[in-house]
$ cat work39.txt   # compact mmCIF, C-alpha atoms
# COMPACT_ATOMS: atom_id res chain seq x y z
CA MET Q 1 0.00 0.00 0.00
CA VAL Q 2 1.47 3.39 -0.96
CA ILE Q 3 0.40 6.64 0.64
CA LYS Q 4 1.23 10.21 -0.35
CA GLN Q 5 2.19 12.56 2.50
CA ASN Q 6 3.21 16.11 1.64
CA GLY Q 7 4.33 14.93 -1.75
CA THR Q 8 6.63 12.27 -0.29
CA LYS Q 9 5.99 8.59 -0.93
CA LEU Q 10 5.52 6.49 2.16
CA SER Q 11 5.30 2.71 2.32
CA LEU Q 12 3.06 0.86 4.79
CA VAL Q 13 4.60 -2.14 6.50
CA VAL Q 14 2.47 -4.57 8.51
CA GLY Q 15 4.10 -5.48 11.82
CA VAL Q 16 3.33 -7.75 14.77
CA VAL Q 17 -0.07 -7.79 16.55
CA CYS Q 18 -1.82 -5.54 14.02
CA ALA Q 19 0.84 -2.84 14.43
CA THR Q 20 1.72 -0.81 11.37
CA MET Q 21 4.28 1.79 10.61
CA LEU Q 22 5.01 4.30 7.91
CA THR Q 23 8.57 4.87 6.80
CA LEU Q 24 10.18 7.08 4.24
CA ALA Q 25 10.75 5.18 1.03
CA ALA Q 26 14.38 4.28 0.35
CA PRO Q 27 16.22 2.28 -2.32
CA ALA Q 28 15.15 -1.34 -2.00
CA ALA Q 29 18.69 -2.69 -1.96
CA HIS Q 30 19.60 -0.81 1.22
CA ALA Q 31 16.20 -0.26 2.84
CA ARG Q 32 15.71 -0.54 6.58
CA THR Q 33 12.20 -0.78 7.91
CA ALA Q 34 10.77 1.64 10.45
CA GLU Q 35 10.40 -1.38 12.76
CA ASP Q 36 14.20 -1.69 12.74
CA ASP Q 37 14.71 2.02 13.33
CA HIS Q 38 12.05 2.68 16.00
CA THR Q 39 11.70 -0.54 18.00
CA ALA Q 40 11.69 1.17 21.40
CA THR Q 41 9.00 3.65 20.36
CA LEU Q 42 6.91 0.86 18.84
CA ALA Q 43 7.11 -1.09 22.11
CA ALA Q 44 6.07 2.01 24.06
CA LEU Q 45 3.21 2.61 21.63
CA LYS Q 46 1.93 -0.95 22.09
CA ALA Q 47 2.13 -0.58 25.87
CA PHE Q 48 0.16 2.66 25.66
CA GLN Q 49 -2.49 1.25 23.30
CA ALA Q 50 -2.96 -1.82 25.52
CA ASN Q 51 -4.22 0.56 28.20
CA ALA Q 52 -5.93 3.06 25.89
CA GLY Q 53 -8.51 2.95 23.08
CA PRO Q 54 -9.00 0.44 20.26
CA GLY Q 55 -6.17 2.12 18.40
CA ALA Q 56 -3.31 4.55 18.89
CA ALA Q 57 -0.76 6.26 16.69
CA ILE Q 58 2.29 8.47 17.01
CA HIS Q 59 3.69 10.82 14.39
CA ALA Q 60 7.25 11.72 15.30
CA GLY Q 61 10.70 12.55 14.01
CA GLY Q 62 13.29 15.27 13.79
CA VAL Q 63 15.07 17.49 11.31
CA GLY Q 64 15.83 14.45 9.17
CA GLY Q 65 12.18 13.59 8.56
CA SER Q 66 9.01 12.23 10.12
CA TRP Q 67 7.54 8.77 10.58
CA THR Q 68 4.30 7.31 11.90
CA LEU Q 69 3.64 4.18 13.93
CA SER Q 70 0.17 2.78 14.57
CA ALA Q 71 -1.11 0.02 16.87
CA GLY Q 72 -4.60 -1.43 17.06
CA THR Q 73 -7.36 -0.01 14.90
CA GLY Q 74 -9.12 3.26 14.19
CA THR Q 75 -12.39 1.39 13.61
CA ILE Q 76 -13.49 -1.51 15.81
CA ASN Q 77 -14.06 -4.92 14.23
CA SER Q 78 -11.62 -4.10 11.45
CA ASP Q 79 -7.91 -3.87 10.83
CA ARG Q 80 -7.65 -0.14 10.05
CA PRO Q 81 -4.54 1.52 11.45
CA ILE Q 82 -4.79 5.17 12.47
CA ARG Q 83 -2.97 7.41 10.02
CA SER Q 84 -1.26 10.74 10.60
CA ASP Q 85 -3.53 12.56 8.12
CA GLU Q 86 -6.82 11.48 9.71
CA HIS Q 87 -9.01 13.97 11.56
CA PHE Q 88 -9.88 13.76 15.25
CA ARG Q 89 -11.16 16.11 17.95
CA ILE Q 90 -8.12 17.58 19.70
CA GLY Q 91 -9.80 18.78 22.90
CA SER Q 92 -7.64 21.03 25.04
CA GLN Q 93 -4.91 21.37 22.44
CA THR Q 94 -7.35 24.05 21.25
CA LYS Q 95 -6.18 26.14 24.21
CA THR Q 96 -2.77 26.71 22.63
CA PHE Q 97 -4.44 28.11 19.50
CA THR Q 98 -6.60 30.40 21.67
CA ALA Q 99 -3.55 31.51 23.64
CA ALA Q 100 -1.65 32.26 20.43
CA VAL Q 101 -4.43 34.57 19.27
CA LEU Q 102 -4.40 36.37 22.63
CA LEU Q 103 -0.63 36.90 22.38
CA GLN Q 104 -1.09 38.29 18.88
CA LEU Q 105 -3.60 40.77 20.31
CA VAL Q 106 -1.06 41.63 23.00
CA ASP Q 107 1.55 42.21 20.27
CA GLU Q 108 -0.89 44.61 18.61
CA GLY Q 109 -1.50 46.54 21.82
CA LYS Q 110 -5.15 45.53 21.97
CA VAL Q 111 -4.83 43.45 25.14
CA SER Q 112 -2.50 43.70 28.14
CA LEU Q 113 -1.49 40.49 29.90
CA ASP Q 114 -1.51 42.12 33.31
CA ALA Q 115 -4.75 44.02 32.91
CA ALA Q 116 -7.78 42.84 34.86
CA ILE Q 117 -10.29 40.83 32.87
CA ALA Q 118 -12.95 43.22 34.20
CA ASP Q 119 -11.33 45.97 32.13
CA TYR Q 120 -12.43 44.14 28.98
CA LEU Q 121 -15.43 42.12 30.18
CA PRO Q 122 -17.03 44.12 33.00
CA GLY Q 123 -19.54 42.17 35.03
CA VAL Q 124 -18.64 38.77 33.55
CA VAL Q 125 -16.29 37.33 36.19
CA THR Q 126 -18.15 38.39 39.29
CA GLY Q 127 -20.28 36.96 42.08
CA ASN Q 128 -19.97 33.67 43.96
CA GLY Q 129 -16.67 34.90 45.43
CA TYR Q 130 -15.12 35.98 42.12
CA ASP Q 131 -13.74 39.46 41.50
CA GLY Q 132 -12.75 40.14 37.91
CA THR Q 133 -10.90 43.30 38.96
CA ARG Q 134 -8.27 41.07 40.63
CA ILE Q 135 -8.00 38.40 37.92
CA THR Q 136 -5.70 39.26 35.04
CA VAL Q 137 -5.51 37.98 31.47
CA ARG Q 138 -2.22 36.30 32.43
CA HIS Q 139 -3.90 34.50 35.32
CA LEU Q 140 -6.52 33.07 32.96
CA LEU Q 141 -3.94 31.98 30.38
CA GLN Q 142 -1.82 30.22 33.03
CA HIS Q 143 -4.68 28.71 35.08
CA THR Q 144 -3.69 30.75 38.14
CA SER Q 145 -6.93 32.73 38.30
CA GLY Q 146 -8.42 30.72 41.15
CA LEU Q 147 -11.39 29.70 38.98
CA ALA Q 148 -12.69 26.27 39.93
CA ALA Q 149 -12.02 23.24 37.75
CA PHE Q 150 -14.85 22.78 35.28
CA THR Q 151 -15.42 20.54 32.27
CA PRO Q 152 -18.70 20.92 30.34
CA GLN Q 153 -20.59 17.63 30.37
CA VAL Q 154 -22.19 16.02 27.33
CA VAL Q 155 -24.97 14.20 29.22
CA ILE Q 156 -25.24 14.97 32.93
CA ASP Q 157 -25.49 18.51 34.34
CA ARG Q 158 -25.05 20.13 30.95
CA PRO Q 159 -24.98 23.92 30.59
CA VAL Q 160 -28.17 25.49 29.24
CA SER Q 161 -28.19 25.23 25.45
CA ASN Q 162 -29.87 27.28 22.77
CA PRO Q 163 -32.99 25.86 21.08
CA ASP Q 164 -30.85 24.58 18.19
CA GLY Q 165 -28.55 22.66 20.56
CA THR Q 166 -25.62 25.08 20.39
CA TYR Q 167 -24.05 26.82 23.38
CA ASP Q 168 -23.16 30.45 24.02
CA LEU Q 169 -19.79 31.24 25.57
CA ALA Q 170 -21.46 33.47 28.15
CA GLU Q 171 -23.68 30.62 29.33
CA LEU Q 172 -20.71 28.24 29.54
CA VAL Q 173 -18.83 30.81 31.62
CA ARG Q 174 -21.82 31.28 33.94
CA LYS Q 175 -21.91 27.53 34.48
CA GLY Q 176 -18.19 27.42 35.25
CA LEU Q 177 -18.44 30.31 37.68
CA SER Q 178 -21.24 28.57 39.58
CA TYR Q 179 -18.45 26.60 41.28
CA ALA Q 180 -16.74 28.52 44.08
CA PRO Q 181 -13.17 29.82 43.76
CA VAL Q 182 -10.39 27.46 44.81
CA SER Q 183 -7.69 30.05 45.55
CA ALA Q 184 -6.90 33.75 45.46
CA PRO Q 185 -5.84 35.01 42.02
CA GLY Q 186 -2.17 34.36 41.29
CA THR Q 187 -1.56 32.08 44.29
CA GLY Q 188 -2.23 28.60 42.96
CA PHE Q 189 -2.57 26.49 39.82
CA THR Q 190 -5.93 24.90 39.01
CA TYR Q 191 -6.55 23.70 35.48
CA SER Q 192 -9.99 24.91 34.43
CA ASN Q 193 -11.74 25.11 31.08
CA THR Q 194 -13.56 28.18 32.38
CA ASN Q 195 -10.33 30.18 32.07
CA TYR Q 196 -10.26 29.60 28.32
CA LEU Q 197 -13.99 30.07 27.87
CA VAL Q 198 -13.58 33.53 29.41
CA LEU Q 199 -10.63 34.11 27.08
CA GLY Q 200 -12.84 33.13 24.15
CA MET Q 201 -15.24 35.87 25.22
CA LEU Q 202 -12.28 38.26 25.39
CA VAL Q 203 -11.20 37.38 21.83
CA GLU Q 204 -14.72 38.01 20.58
CA LYS Q 205 -15.00 41.32 22.45
CA VAL Q 206 -11.69 42.68 21.16
CA THR Q 207 -11.93 41.44 17.56
CA GLY Q 208 -15.69 41.77 17.07
CA GLN Q 209 -15.69 38.32 15.45
CA PRO Q 210 -16.67 34.82 16.66
CA VAL Q 211 -13.68 33.09 18.23
CA HIS Q 212 -13.77 30.23 15.71
CA GLU Q 213 -13.45 32.70 12.84
CA THR Q 214 -10.64 34.62 14.53
CA VAL Q 215 -8.55 31.50 15.23
CA THR Q 216 -9.10 30.35 11.66
CA ARG Q 217 -8.12 33.69 10.13
CA ARG Q 218 -5.17 34.44 12.41
CA VAL Q 219 -3.58 31.00 12.90
CA ILE Q 220 -5.00 28.14 10.84
CA GLU Q 221 -5.05 29.81 7.42
CA PRO Q 222 -1.68 31.65 7.63
CA LEU Q 223 0.06 28.40 8.58
CA GLY Q 224 -1.63 26.46 5.77
CA LEU Q 225 -3.12 23.90 8.17
CA SER Q 226 -5.52 22.50 5.60
CA ARG Q 227 -6.72 19.66 7.82
CA THR Q 228 -7.33 21.78 10.92
CA PHE Q 229 -10.75 23.25 11.75
CA PHE Q 230 -12.37 25.29 14.48
CA PRO Q 231 -15.98 24.31 13.72
CA ALA Q 232 -18.72 26.88 13.96
CA PRO Q 233 -21.52 26.29 16.49
CA GLY Q 234 -23.88 23.72 15.00
CA ASP Q 235 -21.23 22.05 12.80
CA ARG Q 236 -20.97 18.59 14.32
CA ALA Q 237 -19.36 16.88 11.32
CA LEU Q 238 -15.95 15.25 11.60
CA PRO Q 239 -14.22 15.62 8.21
CA THR Q 240 -12.99 12.55 6.39
CA PRO Q 241 -10.71 10.73 6.61
CA ALA Q 242 -11.41 10.47 10.32
CA VAL Q 243 -10.41 8.49 13.37
CA ASN Q 244 -13.54 7.00 14.94
CA GLY Q 245 -13.89 7.80 18.64
CA TYR Q 246 -15.23 5.43 21.29
CA HIS Q 247 -16.30 5.11 24.89
CA GLY Q 248 -15.20 1.94 26.59
CA LEU Q 249 -13.64 0.10 29.44
CA ARG Q 250 -10.77 -2.27 30.00
CA ALA Q 251 -10.55 -4.89 32.72
CA GLY Q 252 -7.55 -7.17 32.37
CA GLY Q 253 -7.78 -8.68 28.91
CA PHE Q 254 -11.46 -7.74 28.56
CA TYR Q 255 -12.58 -4.61 26.77
CA LEU Q 256 -15.83 -3.15 25.47
CA TRP Q 257 -16.24 -0.27 23.00
CA THR Q 258 -19.26 1.82 21.97
CA PRO Q 259 -19.26 4.82 19.60
CA ALA Q 260 -18.55 8.11 21.36
CA LEU Q 261 -21.51 10.35 22.02
CA THR Q 262 -21.97 13.19 19.58
CA TYR Q 263 -22.13 16.75 20.85
CA ASP Q 264 -22.07 20.27 19.50
CA PRO Q 265 -18.50 21.61 19.41
CA SER Q 266 -19.64 24.91 20.91
CA LEU Q 267 -19.93 22.98 24.20
CA PHE Q 268 -16.13 23.28 24.47
CA SER Q 269 -15.53 26.28 22.18
CA SER Q 270 -12.24 28.11 22.82
CA ALA Q 271 -11.29 25.55 25.48
CA GLY Q 272 -11.55 22.42 23.33
CA ALA Q 273 -13.65 22.48 20.15
CA MET Q 274 -11.05 22.08 17.41
CA ILE Q 275 -10.37 19.26 14.94
CA SER Q 276 -6.97 18.45 13.46
CA THR Q 277 -4.53 15.68 12.50
CA LEU Q 278 -1.23 14.47 13.90
CA GLN Q 279 0.58 16.08 10.97
CA ASP Q 280 -1.11 19.47 11.30
CA LEU Q 281 -0.70 19.61 15.08
CA THR Q 282 3.01 18.94 14.66
CA ALA Q 283 3.27 21.75 12.11
CA PHE Q 284 1.42 24.17 14.40
CA TYR Q 285 3.54 23.59 17.50
CA GLN Q 286 6.75 23.64 15.46
CA ALA Q 287 5.75 26.98 13.95
CA LEU Q 288 4.82 28.31 17.39
CA VAL Q 289 8.15 27.50 19.08
CA ALA Q 290 10.00 28.77 15.99
CA GLY Q 291 8.45 32.20 16.45
CA LYS Q 292 6.27 32.05 13.36
CA VAL Q 293 2.91 32.52 15.13
CA VAL Q 294 3.57 35.22 17.73
CA SER Q 295 6.39 37.72 18.17
CA ALA Q 296 9.62 36.85 19.98
CA SER Q 297 8.41 38.77 23.03
CA GLY Q 298 5.03 37.05 22.84
CA LEU Q 299 6.65 33.63 22.71
CA ALA Q 300 8.86 34.55 25.66
CA GLU Q 301 5.73 35.39 27.65
CA MET Q 302 4.10 32.09 26.69
CA GLN Q 303 7.20 30.25 27.87
CA LYS Q 304 7.32 31.88 31.31
CA VAL Q 305 6.31 28.78 33.23
CA ARG Q 306 5.05 27.79 36.64
CA GLU Q 307 5.95 24.33 37.96
CA VAL Q 308 2.83 22.16 38.30
CA GLY Q 309 4.41 18.70 38.69
CA PRO Q 310 7.70 16.79 38.58
CA LYS Q 311 9.61 18.12 35.53
CA VAL Q 312 6.35 19.60 34.21
CA SER Q 313 5.61 23.32 34.07
CA PHE Q 314 2.85 25.37 32.49
CA GLY Q 315 3.15 28.71 30.70
CA LEU Q 316 0.54 30.70 28.83
CA GLY Q 317 -1.40 28.05 26.94
CA ILE Q 318 1.58 25.75 26.55
CA GLY Q 319 3.29 23.20 28.77
CA ARG Q 320 7.00 22.51 29.31
CA LYS Q 321 8.29 19.01 29.98
CA GLU Q 322 11.86 17.98 30.75
CA LEU Q 323 12.58 14.61 29.14
CA SER Q 324 14.74 11.78 30.45
CA CYS Q 325 17.47 12.70 27.97
CA GLY Q 326 17.64 16.27 29.27
CA ILE Q 327 15.82 17.78 26.29
CA VAL Q 328 13.01 20.26 26.93
CA ALA Q 329 9.76 19.79 24.98
CA TRP Q 330 6.79 22.14 24.60
CA GLY Q 331 3.17 21.29 23.87
CA HIS Q 332 -0.27 20.47 25.24
CA ASP Q 333 -2.57 17.51 25.72
CA GLY Q 334 -6.26 17.12 24.94
CA GLY Q 335 -9.19 14.96 25.87
CA VAL Q 336 -12.82 14.99 24.76
CA PRO Q 337 -15.36 12.18 24.38
CA GLY Q 338 -13.74 9.62 22.07
CA TYR Q 339 -10.19 10.99 21.97
CA MET Q 340 -7.06 11.49 24.06
CA SER Q 341 -4.09 13.24 22.47
CA GLN Q 342 -0.89 15.15 23.10
CA THR Q 343 1.70 16.95 20.98
CA MET Q 344 5.22 17.91 22.09
CA VAL Q 345 8.00 19.56 20.10
CA THR Q 346 11.53 20.72 20.85
CA GLU Q 347 13.45 23.76 19.71
CA ASN Q 348 15.91 21.53 17.81
CA GLY Q 349 13.23 20.01 15.59
CA ARG Q 350 12.24 16.86 17.45
CA HIS Q 351 8.50 16.26 17.54
CA ALA Q 352 5.91 13.71 18.63
CA SER Q 353 2.12 13.80 18.38
CA VAL Q 354 -0.06 11.01 19.80
CA VAL Q 355 -3.73 10.08 19.61
CA THR Q 356 -5.84 7.23 20.90
CA ASN Q 357 -9.52 6.86 20.06
CA ALA Q 358 -11.03 6.64 23.55
CA LEU Q 359 -10.96 8.86 26.64
CA PHE Q 360 -10.87 7.20 30.04
CA GLN Q 361 -12.08 9.29 32.98
CA ILE Q 362 -10.90 6.61 35.41
CA ASN Q 363 -7.32 5.30 35.26
CA PRO Q 364 -6.28 7.10 32.06
CA PRO Q 365 -2.98 5.77 30.64
CA ALA Q 366 -1.11 8.96 31.52
CA ASP Q 367 2.11 7.21 32.57
CA GLN Q 368 2.19 5.16 29.38
CA LEU Q 369 1.57 8.28 27.30
CA HIS Q 370 4.45 10.06 29.01
CA GLU Q 371 6.74 7.10 28.39
CA LEU Q 372 5.73 6.95 24.73
CA LEU Q 373 6.41 10.64 24.13
CA ASP Q 374 9.66 10.50 26.09
CA THR Q 375 10.87 7.47 24.14
CA ALA Q 376 10.06 8.99 20.74
CA LEU Q 377 11.51 12.41 21.51
CA CYS Q 378 14.67 10.97 23.04
CA GLU Q 379 15.48 8.56 20.20
CA ASP Q 380 19.21 8.80 19.35
CA ALA Q 381 19.76 11.16 22.28
CA ALA Q 382 21.94 10.22 25.23
CA ARG Q 383 19.84 9.53 28.30
CA ARG Q 384 20.70 11.10 31.61
CA PRO Q 385 22.20 8.71 34.15
$ encode --input "work39.txt" --output "structure tokens"
Amino acid sequence: MVIKQNGTKLSLVVGVVCATMLTLAAPAAHARTAEDDHTATLAALKAFQANAGPGAAIHAGGVGGSWTLSAGTGTINSDRPIRSDEHFRIGSQTKTFTAAVLLQLVDEGKVSLDAAIADYLPGVVTGNGYDGTRITVRHLLQHTSGLAAFTPQVVIDRPVSNPDGTYDLAELVRKGLSYAPVSAPGTGFTYSNTNYLVLGMLVEKVTGQPVHETVTRRVIEPLGLSRTFFPAPGDRALPTPAVNGYHGLRAGGFYLWTPALTYDPSLFSSAGAMISTLQDLTAFYQALVAGKVVSASGLAEMQKVREVGPKVSFGLGIGRKELSCGIVAWGHDGGVPGYMSQTMVTENGRHASVVTNALFQINPPADQLHELLDTALCEDAARRP
């Protein structure tokens, strides 16, 4: 089977236990397979997929080129490996796109990072213990606002929707603010989708355009991300080719999968509504850390981090992770019904983007995902003792 990727021929090689891998075509007389070149990453991918969805894939590489490994299947009851050009819902990786737009607005002098959100959205972040005059744009971007953790639910305790089933940002924010503050602004880190829903309102207020249009015009189109979409409210379609998402459970060797529930993307909006591919996400984060999306000063602000875990820090819409080989990687993860993903890139060109087609609320394979990304990004790099 031959696949075209960015004009380069790739060959598909079937491996062990339904694993597949894509490798750059080379002269047959001297060809090495991707299985030979990336055995450690393939093993880590299989370990991750065994604790994740029906399928999983990683698109990785460095300055010398990219490669894709896939384990399991993108469609249950079939042997259909996940490919790097297939669409899936990226969840909270959307936040980095939203943050990039905000930093562009900062570059243009339209927003100040250290201004109170009440200066732009008076009366929005108020009541129930919240005071928008003390919460800055920076606090919201870095999840240090003190806003309570909140994830919009598809079935239970959903925010109030419009008659057509779409959701307004203002209503989502009201729902998020119905939970009491967890800390004073600037004193603690609490990851909350409400922060980025408020920021979506800020983008709309400053630009006068819906946030999905602004992200598309300012980031997606200039970078030529032809397989990346911020769907408008009401657009529930997942473009083809697509990775099918599932709900499920694993118990030992037993597993059960059902198709993921559908929902309107406006439920997650500027915090998690976007659709992309492993290839496009890699291109976006590489462009971001290369200074092609925001100014040098804007990128420096994004990369001012706060430690939130062992060797993990969070900046303005982007995370920093120190790898076992001493390399620093930047990126974000994402999770919405049917999908769990993460993309990390380094300043020297290394990159890895992962997706699996199920999201587990209980016992997610976070450790296995970390090991997979670490293994791929540290290939051919000396590990620290």
$ closest_residue --input "work39.txt" --among "Q:Gly64, Q:Gly317, Q:Pro181, Q:Gly132" --to "Tyr196 of chain Q" --atoms "only C-alpha atoms"
Q:Gly317
$ closest_residue --input "work39.txt" --among "Q:Leu197, Q:Ala56, Q:Ala47, Q:Leu223" --to "Leu69 of chain Q" --atoms "all atoms listed in the file"
Q:Ala56
$ closest_residue --input "work39.txt" --among "Q:Thr94, Q:Gln142, Q:Gln49, Q:Ser276" --to "Gln303 of chain Q" --atoms "all atoms listed in the file"
Q:Gln142
$ axis_aligned_box --input "work39.txt" --around "segment 295-308 of chain Q" --padding-each-side "5 Å" --output "JSON"
{"center_x": 6.2, "center_y": 30.5, "center_z": 28.2, "size_x": 16.8, "size_y": 26.6, "size_z": 30.1}
$ atom_distance --input "work39.txt" --atom1 "atom CA of Thr356 of chain Q" --atom2 "atom CA of Asp79 of chain Q"
15.1 Å
$ atom_distance --input "work39.txt" --atom1 "atom CA of Thr126 of chain Q" --atom2 "atom CA of Arg158 of chain Q"
21.2 Å
$ closest_residue --input "work39.txt" --among "Q:Pro233, Q:Pro364, Q:Gly176, Q:Gly326" --to "Lys311 of chain Q" --atoms "only C-alpha atoms"
Q:Gly326
$ atom_distance --input "work39.txt" --atom1 "atom CA of Leu225 of chain Q" --atom2 "atom CA of Arg320 of chain Q"
23.5 Å
$ residues_near_point --input "work39.txt" --point "(-8.0, 35.7, 18.7)" --cutoff "10 Å" --atoms "only C-alpha atoms" --output "ChimeraX atom specification"
/Q:97-105,199-219,270
$ closest_residue --input "work39.txt" --among "Q:Ala283, Q:Leu288, Q:Val308, Q:Ala237" --to "Gly188 of chain Q" --atoms "all atoms listed in the file"
Q:Val308
$ residues_around --input "work39.txt" --residues "Ala43 of chain Q" --least-positions-apart "6" --cutoff "10 Å" --atoms "all atoms listed in the file" --output "list in words"
Glu35, Gln49, Ala71, Leu372 and Thr375 of chain Q
$ residues_around --input "work39.txt" --residues "segment 262-264 of chain Q" --least-positions-apart "4" --cutoff "8 Å" --atoms "all atoms listed in the file" --output "JSON list (two decimals) with C-alpha atoms, in the frame of the given file"
[["chain", "number", "residue", "atom", "x", "y", "z"],
["Q", 154, "VAL", "CA", -22.19, 16.02, 27.33],
["Q", 165, "GLY", "CA", -28.55, 22.66, 20.56],
["Q", 166, "THR", "CA", -25.62, 25.08, 20.39],
["Q", 167, "TYR", "CA", -24.05, 26.82, 23.38],
["Q", 233, "PRO", "CA", -21.52, 26.29, 16.49],
["Q", 234, "GLY", "CA", -23.88, 23.72, 15.00],
["Q", 235, "ASP", "CA", -21.23, 22.05, 12.80],
["Q", 236, "ARG", "CA", -20.97, 18.59, 14.32]]
$ residues_around --input "work39.txt" --residues "Ser341 of chain Q" --least-positions-apart "4" --cutoff "10 Å" --atoms "only C-alpha atoms" --output "VMD selection string"
chain Q and resid 56 to 58 88 to 93 278 332 to 336 353 to 359 369
$ closest_residue --input "work39.txt" --among "Q:Ile135, Q:Ala352, Q:Leu267, Q:Ala273" --to "Ser183 of chain Q" --atoms "only C-alpha atoms"
Q:Ile135
